[in-house]
>>> print(open('run-v8.cif').read())   # mmCIF, C-alpha atoms
data_query
#
loop_
_atom_site.label_atom_id
_atom_site.label_comp_id
_atom_site.auth_asym_id
_atom_site.auth_seq_id
_atom_site.Cartn_x
_atom_site.Cartn_y
_atom_site.Cartn_z
CA MET A 48 57.78 126.18 167.66
CA LYS A 49 58.62 128.34 164.65
CA LYS A 50 60.44 126.14 162.15
CA VAL A 51 60.78 122.44 161.30
CA LEU A 52 63.52 121.00 159.04
CA ILE A 53 62.75 117.39 158.10
CA HIS A 54 64.76 114.84 156.11
CA ILE A 55 62.28 112.15 155.03
CA GLY A 56 64.22 109.76 152.77
CA ALA A 57 64.03 108.30 150.25
CA HIS A 58 64.75 104.65 150.98
CA THR A 59 68.14 103.11 150.13
CA THR A 60 69.84 106.51 149.98
CA GLY A 61 71.86 106.24 153.18
CA SER A 62 68.98 107.60 155.26
CA THR A 63 69.72 105.55 158.36
CA ALA A 64 73.45 106.31 158.23
CA LEU A 65 72.74 110.01 157.71
CA GLN A 66 70.25 110.04 160.58
CA GLN A 67 72.83 108.49 162.87
CA GLN A 68 75.54 110.90 161.75
CA LEU A 69 73.42 113.98 162.32
CA TYR A 70 72.10 113.01 165.74
CA ALA A 71 75.51 111.84 166.95
CA LYS A 72 77.16 115.10 165.93
CA ASP A 73 74.64 117.42 167.61
CA PRO A 74 72.01 115.66 169.76
CA GLU A 75 71.10 118.97 171.39
CA ARG A 76 69.79 120.40 168.13
CA PHE A 77 68.21 117.29 166.58
CA VAL A 78 65.09 115.44 167.63
CA ASP A 79 65.92 112.06 169.17
CA PRO A 80 64.92 109.63 166.34
CA ALA A 81 64.26 106.72 168.72
CA HIS A 82 61.91 108.78 170.88
CA PHE A 83 60.15 110.20 167.83
CA GLU A 84 59.62 106.81 166.15
CA ASN A 85 57.98 105.45 169.32
CA SER A 86 55.72 108.45 169.83
CA ARG A 87 51.92 108.66 169.78
CA PHE A 88 52.30 110.67 166.60
CA MET A 89 53.98 107.83 164.67
CA LYS A 90 51.39 105.33 165.85
CA LEU A 91 48.63 107.50 164.41
CA TYR A 92 50.65 108.50 161.35
CA GLU A 93 51.30 104.90 160.29
CA ASP A 94 47.83 103.57 161.09
CA ARG A 95 46.25 103.22 157.62
CA LEU A 96 42.86 102.34 159.09
CA ILE A 97 42.47 105.82 160.56
CA LYS A 98 42.07 109.01 158.54
CA PRO A 99 43.27 111.76 160.88
CA LYS A 100 42.77 115.46 160.30
CA ALA A 101 45.74 117.62 159.45
CA SER A 102 45.28 119.45 162.75
CA GLN A 103 45.50 116.15 164.68
CA LEU A 104 48.73 115.21 162.95
CA ALA A 105 50.22 118.63 163.58
CA GLU A 106 49.25 118.61 167.25
CA LEU A 107 50.70 115.16 167.93
CA PHE A 108 53.82 115.96 165.91
CA GLN A 109 54.49 118.98 168.07
CA GLU A 110 53.97 116.86 171.17
CA ALA A 111 56.44 114.25 169.87
CA VAL A 112 59.28 116.68 169.15
CA TYR A 113 58.71 119.45 171.70
CA ARG A 114 61.61 120.72 173.77
CA PRO A 115 61.34 124.00 175.66
CA ASP A 116 64.81 125.14 174.59
CA MET A 117 64.19 124.73 170.84
CA GLU A 118 62.79 127.08 168.22
CA THR A 119 64.07 125.25 165.15
CA TYR A 120 63.38 121.51 165.15
CA ARG A 121 65.60 119.25 163.07
CA LEU A 122 64.56 115.69 162.30
CA SER A 123 65.60 112.78 160.08
CA CYS A 124 63.01 110.01 159.66
CA GLU A 125 62.47 108.09 156.42
CA ARG A 126 59.36 106.39 157.82
CA LEU A 127 57.55 109.67 157.12
CA MET A 128 57.62 108.82 153.39
CA GLY A 129 55.96 105.44 153.92
CA ARG A 130 57.01 102.42 151.88
CA PRO A 131 57.91 102.96 148.23
CA PHE A 132 55.92 100.21 146.49
CA GLN A 133 52.44 99.50 147.82
CA LYS A 134 49.01 99.00 146.31
CA GLY A 135 50.35 99.43 142.79
CA GLY A 136 51.57 102.93 143.57
CA PHE A 137 54.83 104.70 144.29
CA TYR A 138 55.03 106.10 147.82
CA PRO A 139 51.22 106.11 147.99
CA HIS A 140 51.21 107.23 151.63
CA LEU A 141 53.30 110.35 151.01
CA LYS A 142 50.00 112.22 150.97
CA ARG A 143 49.90 111.82 154.75
CA TYR A 144 53.18 113.71 155.03
CA VAL A 145 51.72 116.44 152.84
CA GLN A 146 48.75 116.52 155.21
CA LEU A 147 51.12 116.91 158.18
CA VAL A 148 52.90 119.81 156.48
CA GLU A 149 49.58 121.52 155.79
CA GLY A 150 48.58 121.15 159.44
CA LEU A 151 51.86 122.63 160.67
CA GLN A 152 51.67 125.50 158.20
CA ARG A 153 48.15 126.35 159.39
CA ALA A 154 49.64 126.58 162.89
CA ASP A 155 52.10 129.19 161.53
CA ILE A 156 55.03 126.79 161.64
CA SER A 157 57.50 126.94 158.75
CA VAL A 158 58.32 123.53 157.29
CA LYS A 159 61.20 122.63 154.98
CA THR A 160 61.69 119.13 153.56
CA LEU A 161 64.83 117.33 152.37
CA VAL A 162 64.64 114.30 150.05
CA VAL A 163 67.69 112.36 148.87
CA LEU A 164 67.18 110.42 145.63
CA ARG A 165 69.14 108.20 143.26
CA GLU A 166 68.96 106.78 139.75
CA ARG A 167 65.82 104.70 139.49
CA THR A 168 67.60 101.55 138.28
CA ASP A 169 69.83 101.54 141.37
CA PHE A 170 66.81 102.35 143.51
CA LEU A 171 64.89 99.37 142.10
CA ILE A 172 67.75 96.93 142.61
CA SER A 173 68.30 98.10 146.16
CA CYS A 174 64.61 97.85 147.03
CA PHE A 175 64.46 94.37 145.52
CA LEU A 176 67.37 93.20 147.66
CA GLN A 177 65.82 94.63 150.78
CA SER A 178 62.52 92.95 149.94
CA GLN A 179 64.26 89.57 149.99
CA THR A 180 64.51 89.69 153.79
CA GLY A 181 60.72 89.88 154.22
CA TYR A 182 57.74 87.60 153.88
CA ALA A 183 56.45 89.19 150.67
CA SER A 184 59.65 88.68 148.67
CA ARG A 185 59.59 87.99 144.93
CA ASN A 186 61.40 85.11 143.27
CA ASN A 187 63.54 87.32 141.05
CA PHE A 188 64.22 90.91 140.10
CA HIS A 189 61.99 90.84 137.02
CA GLU A 190 58.97 89.69 139.02
CA PHE A 191 59.63 92.51 141.50
CA ALA A 192 60.16 95.13 138.79
CA ASN A 193 57.06 94.11 136.84
CA LEU A 194 54.96 95.00 139.87
CA ALA A 195 56.97 98.03 140.97
CA VAL A 196 57.43 99.84 137.66
CA THR A 197 54.15 101.58 136.90
CA ASP A 198 53.36 104.99 135.47
CA ALA A 199 53.62 106.30 139.02
CA PHE A 200 57.30 105.29 139.33
CA SER A 201 58.68 108.77 138.81
CA TRP A 202 60.69 111.16 140.96
CA GLN A 203 58.80 113.99 139.32
CA ALA A 204 55.56 112.55 140.68
CA ILE A 205 57.09 112.78 144.16
CA ALA A 206 58.15 116.37 143.50
CA ASN A 207 54.63 117.23 142.37
CA GLN A 208 53.17 115.91 145.63
CA LEU A 209 55.68 117.90 147.66
CA ASP A 210 55.34 121.14 145.73
CA LYS A 211 53.99 123.01 148.77
CA ALA A 212 56.38 121.46 151.28
CA ASP A 213 59.37 123.70 150.41
CA THR A 214 61.38 120.68 149.31
CA THR A 215 65.07 120.35 148.49
CA PHE A 216 66.08 117.35 146.37
CA VAL A 217 69.68 116.09 146.21
CA PRO A 218 71.25 112.98 144.58
CA TRP A 219 72.85 110.33 146.78
CA GLU A 220 75.34 109.54 143.98
CA ALA A 221 77.01 112.86 144.83
CA ALA A 222 78.30 111.26 148.06
CA GLU A 223 80.86 109.50 145.87
CA THR A 224 81.59 112.15 143.24
CA LYS A 225 80.85 115.49 144.96
CA ALA A 226 80.93 114.65 148.66
CA SER A 227 81.94 118.13 149.85
CA GLU A 228 79.22 119.82 147.80
CA LEU A 229 76.60 117.36 149.04
CA ALA A 230 77.69 117.85 152.66
CA GLY A 231 77.36 121.58 152.05
CA GLN A 232 73.77 121.09 150.90
CA PHE A 233 72.94 119.13 154.05
CA ASN A 234 74.54 121.82 156.21
CA GLN A 235 72.68 124.54 154.37
CA PHE A 236 69.37 122.74 154.75
CA PHE A 237 69.78 122.13 158.48
CA GLU A 238 71.27 125.59 159.03
CA LEU A 239 74.23 124.07 160.84
CA LYS A 240 77.81 123.30 159.89
CA LEU A 241 77.94 119.64 160.89
CA LEU A 242 78.99 117.43 158.00
CA GLY A 243 82.09 117.27 155.87
CA GLY A 244 82.66 115.30 152.70
CA GLU A 245 84.48 112.62 154.67
CA ASP A 246 81.33 111.93 156.71
CA LEU A 247 79.38 111.08 153.57
CA THR A 248 82.24 109.05 152.17
CA GLU A 249 82.08 106.88 155.30
CA CYS A 250 78.38 106.25 154.59
CA THR A 251 79.10 104.92 151.10
CA GLU A 252 82.31 102.96 151.66
CA GLN A 253 81.94 99.18 151.51
CA PRO A 254 84.55 96.60 152.59
CA GLN A 255 86.00 94.21 150.07
CA SER A 256 83.90 91.54 148.48
CA ASP A 257 82.18 88.62 150.10
CA PRO A 258 80.54 86.06 147.79
CA GLY A 259 77.65 85.52 150.20
CA LEU A 260 75.14 87.62 148.26
CA SER A 261 74.90 84.91 145.60
CA VAL A 262 72.82 82.84 148.01
CA ILE A 263 70.04 85.45 148.20
CA GLN A 264 68.32 84.53 144.94
CA HIS A 265 68.36 80.84 145.85
CA LEU A 266 66.84 81.44 149.27
CA ALA A 267 64.08 83.49 147.66
CA LYS A 268 62.72 80.31 146.05
CA ILE A 269 62.03 78.57 149.37
CA GLU A 270 58.27 78.08 149.60
CA ASP A 271 57.96 77.91 153.40
CA GLU A 272 57.56 81.56 154.37
CA GLY A 273 58.76 81.17 157.95
CA LEU A 274 61.88 79.26 156.96
CA ARG A 275 62.57 81.62 154.07
CA ALA A 276 62.28 84.71 156.27
CA HIS A 277 64.60 83.22 158.90
CA LEU A 278 67.25 82.23 156.36
CA MET A 279 66.96 85.57 154.58
CA LYS A 280 67.59 87.36 157.85
CA CYS A 281 70.65 85.21 158.49
CA ALA A 282 71.90 85.84 154.96
CA ALA A 283 71.36 89.57 155.35
CA GLU A 284 73.46 89.61 158.51
CA TYR A 285 76.15 87.56 156.80
CA CYS A 286 76.20 89.83 153.76
CA ARG A 287 76.01 93.12 155.64
CA GLN A 288 79.65 93.83 154.84
CA SER A 289 79.37 92.49 151.32
CA ASP A 290 80.48 93.85 147.99
CA ARG A 291 78.08 93.94 145.10
CA ALA A 292 74.94 92.11 144.13
CA ALA A 293 74.32 91.06 140.54
CA VAL A 294 70.59 90.46 140.29
CA ILE A 295 70.25 90.96 136.53
CA SER A 296 72.57 90.50 133.58
CA GLU A 297 74.70 93.37 132.36
CA ASP A 298 72.69 93.63 129.13
CA LEU A 299 69.34 93.82 130.93
CA GLU A 300 70.74 96.27 133.45
CA GLY A 301 71.72 98.45 130.52
CA ILE A 302 68.16 98.28 129.17
CA TYR A 303 66.75 99.41 132.52
CA ARG A 304 69.25 102.27 132.75
CA ARG A 305 68.50 103.49 129.23
CA HIS A 306 64.75 103.27 129.93
CA PHE A 307 64.96 105.51 133.00
CA LEU A 308 67.90 107.70 132.05
CA GLU A 309 66.08 110.40 130.09
CA GLY A 310 63.57 110.97 132.87
CA ASP A 311 66.27 110.99 135.57
CA ILE A 312 68.35 113.52 133.63
CA ALA A 313 65.32 115.77 133.12
CA PHE A 314 64.44 115.56 136.81
CA ALA A 315 68.01 116.41 137.86
CA LYS A 316 68.11 119.46 135.61
CA ALA A 317 64.76 120.72 136.91
CA ASN A 318 65.03 119.90 140.62
CA TYR A 319 68.59 119.41 141.89
CA PRO A 320 70.76 122.31 143.11
CA SER A 321 73.17 123.62 140.48
CA PRO A 322 76.23 121.49 141.44
CA PHE A 323 74.28 118.30 140.70
CA ARG A 324 72.12 119.08 137.68
CA LYS A 325 74.32 117.14 135.26
CA ILE A 326 75.06 114.22 137.59
CA TYR A 327 73.12 111.70 135.44
CA SER A 328 74.20 113.09 132.09
CA GLN A 329 77.30 110.90 132.10
CA THR A 330 75.89 107.39 132.13
CA LYS A 331 77.47 104.60 134.13
CA SER A 332 79.18 101.69 132.46
CA VAL A 333 76.70 98.87 132.10
CA ALA A 334 79.31 96.57 133.62
CA GLU A 335 79.36 98.64 136.79
CA GLN A 336 76.98 96.77 139.01
CA PHE A 337 75.15 98.01 142.02
CA TRP A 338 76.87 98.31 145.39
CA PHE A 339 74.67 97.38 148.30
CA ALA A 340 74.93 96.77 152.03
CA PHE A 341 71.87 95.44 153.84
CA ALA A 342 70.39 97.93 156.31
CA THR A 343 67.38 96.38 157.96
CA ASP A 344 66.27 99.71 159.43
CA ASP A 345 65.84 101.23 155.95
CA ALA A 346 63.18 98.79 154.79
#
>>> encode(input="run-v8.cif", output="structure tokens")
Amino acid sequence: MKKVLIHIGAHTTGSTALQQQLYAKDPERFVDPAHFENSRFMKLYEDRLIKPKASQLAELFQEAVYRPDMETYRLSCERLMGRPFQKGGFYPHLKRYVQLVEGLQRADISVKTLVVLRERTDFLISCFLQSQTGYASRNNFHEFANLAVTDAFSWQAIANQLDKADTTFVPWEAAETKASELAGQFNQFFELKLLGGEDLTECTEQPQSDPGLSVIQHLAKIEDEGLRAHLMKCAAEYCRQSDRAAVISEDLEGIYRRHFLEGDIAFAKANYPSPFRKIYSQTKSVAEQFWFAFATDDA
């Protein structure tokens, strides 16, 4: 093994759809995601009660992906980032991925990392909606955001953690406005010509509206956790093809966007490839609400 190219997320940025697209287009040159996610490596990697050494992680990782006909290993797995909001932090378990990279580098294996991001307001809304299908859901967006938005909620903080992981950051919003350029970035990262702009457009297209999402906030108030989780799951399935979810008023959405905008613009200018450095400089209309389709595998 000489080189590893890994797409690790982030959540709610089309990661599952992208993973499926990549593996379907060239299964011979991508690690089988189902096999990898059920490997001994992932069991150790996600066990928070164990503190493995970097060498252990690297050894089991190589075991999980090894194929005798490969020199460059390509993988897409957002579970490597961990969950975004836990223990009052933002991706607090990303340090384990950094540990894995260090272990592989010590074994003379080159590692490159791809992270797809989005405006933090959209990211928050999407994560809130996904949280509604679980047992630890919050009653409303504000309750969720009050816990999630800490000083650690910063894409730059993620970039700082990954500074030695040879990381490429790209914006998911480009799938709608600069699909060909974004597909080119994916192809460049994976050193293959696989994706076209139309592939990314398919990932972002949503069918016409379905009013079912309005039930989500009402179901969130059910006190019985078992019943709530069951109904949320049913609602998620019903709304999978849905349109848009309004979880906050237009005015409050505008406040959130203005609060995060300056930091998102600065991050884009400093970290995105040149075609995307001004992608957040033109702010969205406050009335433009967030588009969302439930993807249970992303949570």
>>> atom_distance(input="run-v8.cif", atom1="atom CA of A:Ile312", atom2="atom CA of A:Glu228")
18.9 Å
>>> resolve_selection(input="run-v8.cif", expression="the PyMOL selection byres ((chain A and resi 238-246) around 8)", output="PyMOL selection string")
chain A and resi 68-69+72-73+222+225-231+233-237+247-250
>>> write_last_selection(input="run-v8.cif", atoms="C-alpha atoms", output="PDB file, keeping the file's coordinate frame")
ATOM      1  CA  GLN A  68      75.540 110.900 161.750  1.00  0.00           C
ATOM      2  CA  LEU A  69      73.420 113.980 162.320  1.00  0.00           C
ATOM      3  CA  LYS A  72      77.160 115.100 165.930  1.00  0.00           C
ATOM      4  CA  ASP A  73      74.640 117.420 167.610  1.00  0.00           C
ATOM      5  CA  ALA A 222      78.300 111.260 148.060  1.00  0.00           C
ATOM      6  CA  LYS A 225      80.850 115.490 144.960  1.00  0.00           C
ATOM      7  CA  ALA A 226      80.930 114.650 148.660  1.00  0.00           C
ATOM      8  CA  SER A 227      81.940 118.130 149.850  1.00  0.00           C
ATOM      9  CA  GLU A 228      79.220 119.820 147.800  1.00  0.00           C
ATOM     10  CA  LEU A 229      76.600 117.360 149.040  1.00  0.00           C
ATOM     11  CA  ALA A 230      77.690 117.850 152.660  1.00  0.00           C
ATOM     12  CA  GLY A 231      77.360 121.580 152.050  1.00  0.00           C
ATOM     13  CA  PHE A 233      72.940 119.130 154.050  1.00  0.00           C
ATOM     14  CA  ASN A 234      74.540 121.820 156.210  1.00  0.00           C
ATOM     15  CA  GLN A 235      72.680 124.540 154.370  1.00  0.00           C
ATOM     16  CA  PHE A 236      69.370 122.740 154.750  1.00  0.00           C
ATOM     17  CA  PHE A 237      69.780 122.130 158.480  1.00  0.00           C
ATOM     18  CA  LEU A 247      79.380 111.080 153.570  1.00  0.00           C
ATOM     19  CA  THR A 248      82.240 109.050 152.170  1.00  0.00           C
ATOM     20  CA  GLU A 249      82.080 106.880 155.300  1.00  0.00           C
ATOM     21  CA  CYS A 250      78.380 106.250 154.590  1.00  0.00           C
TER      22      CYS A 250
END
>>> closest_residue(input="run-v8.cif", among="A:His277, A:Arg165, A:Lys268, A:Lys211", to="A:Phe323", atoms="all atoms listed in the file")
A:Arg165
>>> resolve_selection(input="run-v8.cif", expression="the PyMOL selection byres ((chain A and resi 324) around 10)", output="ChimeraX atom specification")
/A:217-218,312-323,325-328
>>> closest_residue(input="run-v8.cif", among="A:Thr60, A:Asn207, A:Thr197, A:Gln67", to="A:Gln133", atoms="all atoms listed in the file")
A:Thr197
>>> residues_around(input="run-v8.cif", residues="A:Leu127", least_positions_apart="4", cutoff="12 Å", atoms="only C-alpha atoms", output="MDAnalysis selection string")
chainID A and resid 53:58 62 80 83:84 88:93 104 108 122:123 131 138:148 160:162 345
>>> atom_distance(input="run-v8.cif", atom1="atom CA of A:Leu52", atom2="atom CA of A:Lys159")
5.0 Å
>>> closest_residue(input="run-v8.cif", among="A:Val51, A:Ile269, A:Ala276, A:Met117", to="A:Asp213", atoms="all atoms listed in the file")
A:Val51
>>> closest_atom_pairs(input="run-v8.cif", of="stretch 134-213 of chain A", to="stretch 297-310 of chain A", cutoff="12 Å", atoms="all atoms listed in the file", output="Markdown table")
| residue | atom | partner | partner_atom | distance |
| --- | --- | --- | --- | --- |
| A:Arg165 | CA | A:Leu308 | CA | 11.3 |
| A:Glu166 | CA | A:Leu308 | CA | 7.8 |
| A:Arg167 | CA | A:Phe307 | CA | 6.6 |
| A:Thr168 | CA | A:Arg304 | CA | 5.8 |
| A:Asp169 | CA | A:Arg304 | CA | 8.7 |
| A:Phe170 | CA | A:Arg304 | CA | 11.0 |
| A:Leu171 | CA | A:Tyr303 | CA | 9.8 |
| A:Ile172 | CA | A:Glu300 | CA | 9.7 |
| A:Phe188 | CA | A:Glu300 | CA | 10.7 |
| A:His189 | CA | A:Leu299 | CA | 10.0 |
| A:Ala192 | CA | A:Tyr303 | CA | 10.1 |
| A:Asn193 | CA | A:Tyr303 | CA | 11.9 |
| A:Val196 | CA | A:Phe307 | CA | 10.5 |
| A:Asp198 | CA | A:Phe307 | CA | 11.9 |
| A:Phe200 | CA | A:Phe307 | CA | 9.9 |
| A:Ser201 | CA | A:Gly310 | CA | 8.0 |
| A:Trp202 | CA | A:Gly310 | CA | 8.6 |
| A:Gln203 | CA | A:Gly310 | CA | 8.6 |
| A:Ala204 | CA | A:Gly310 | CA | 11.3 |
>>> resolve_selection(input="run-v8.cif", expression="the PyMOL selection byres ((chain A and resi 106) around 12)", output="NGL selection string")
:A and (48 or 87-88 or 91-92 or 99-105 or 107-113 or 147-154 or 156)
>>> atom_distance(input="run-v8.cif", atom1="atom CA of A:Val163", atom2="atom CA of A:Ala212")
14.7 Å
>>> build_atoms(input="run-v8.cif", residues="stretch 165-179 of chain A", atoms="N, CA and C atoms", output="CSV table (one decimal), in the frame of the given file")
chain,number,residue,atom,x,y,z
A,165,ARG,N,68.1,108.8,144.0
A,165,ARG,CA,69.1,108.2,143.3
A,165,ARG,C,68.6,107.7,141.9
A,166,GLU,N,69.4,107.3,141.0
A,166,GLU,CA,69.0,106.8,139.8
A,166,GLU,C,68.0,105.7,140.0
A,167,ARG,N,66.9,105.6,139.2
A,167,ARG,CA,65.8,104.7,139.5
A,167,ARG,C,66.2,103.2,139.3
A,168,THR,N,67.2,102.9,138.4
A,168,THR,CA,67.6,101.6,138.3
A,168,THR,C,68.3,101.1,139.6
A,169,ASP,N,69.2,101.9,140.1
A,169,ASP,CA,69.8,101.5,141.4
A,169,ASP,C,68.8,101.4,142.5
A,170,PHE,N,67.8,102.4,142.5
A,170,PHE,CA,66.8,102.4,143.5
A,170,PHE,C,66.0,101.0,143.5
A,171,LEU,N,65.6,100.6,142.3
A,171,LEU,CA,64.9,99.4,142.1
A,171,LEU,C,65.7,98.2,142.6
A,172,ILE,N,66.9,98.1,142.2
A,172,ILE,CA,67.8,96.9,142.6
A,172,ILE,C,67.9,96.9,144.1
A,173,SER,N,68.1,98.0,144.7
A,173,SER,CA,68.3,98.1,146.2
A,173,SER,C,67.0,97.7,146.9
A,174,CYS,N,65.9,98.2,146.4
A,174,CYS,CA,64.6,97.8,147.0
A,174,CYS,C,64.3,96.4,146.9
A,175,PHE,N,64.7,95.8,145.7
A,175,PHE,CA,64.5,94.4,145.5
A,175,PHE,C,65.3,93.6,146.5
A,176,LEU,N,66.5,93.9,146.7
A,176,LEU,CA,67.4,93.2,147.7
A,176,LEU,C,66.9,93.3,149.1
A,177,GLN,N,66.4,94.5,149.4
A,177,GLN,CA,65.8,94.6,150.8
A,177,GLN,C,64.5,93.8,150.9
A,178,SER,N,63.8,93.7,149.9
A,178,SER,CA,62.5,93.0,149.9
A,178,SER,C,62.8,91.5,150.2
A,179,GLN,N,64.0,91.0,149.8
A,179,GLN,CA,64.3,89.6,150.0
A,179,GLN,C,64.3,89.1,151.4
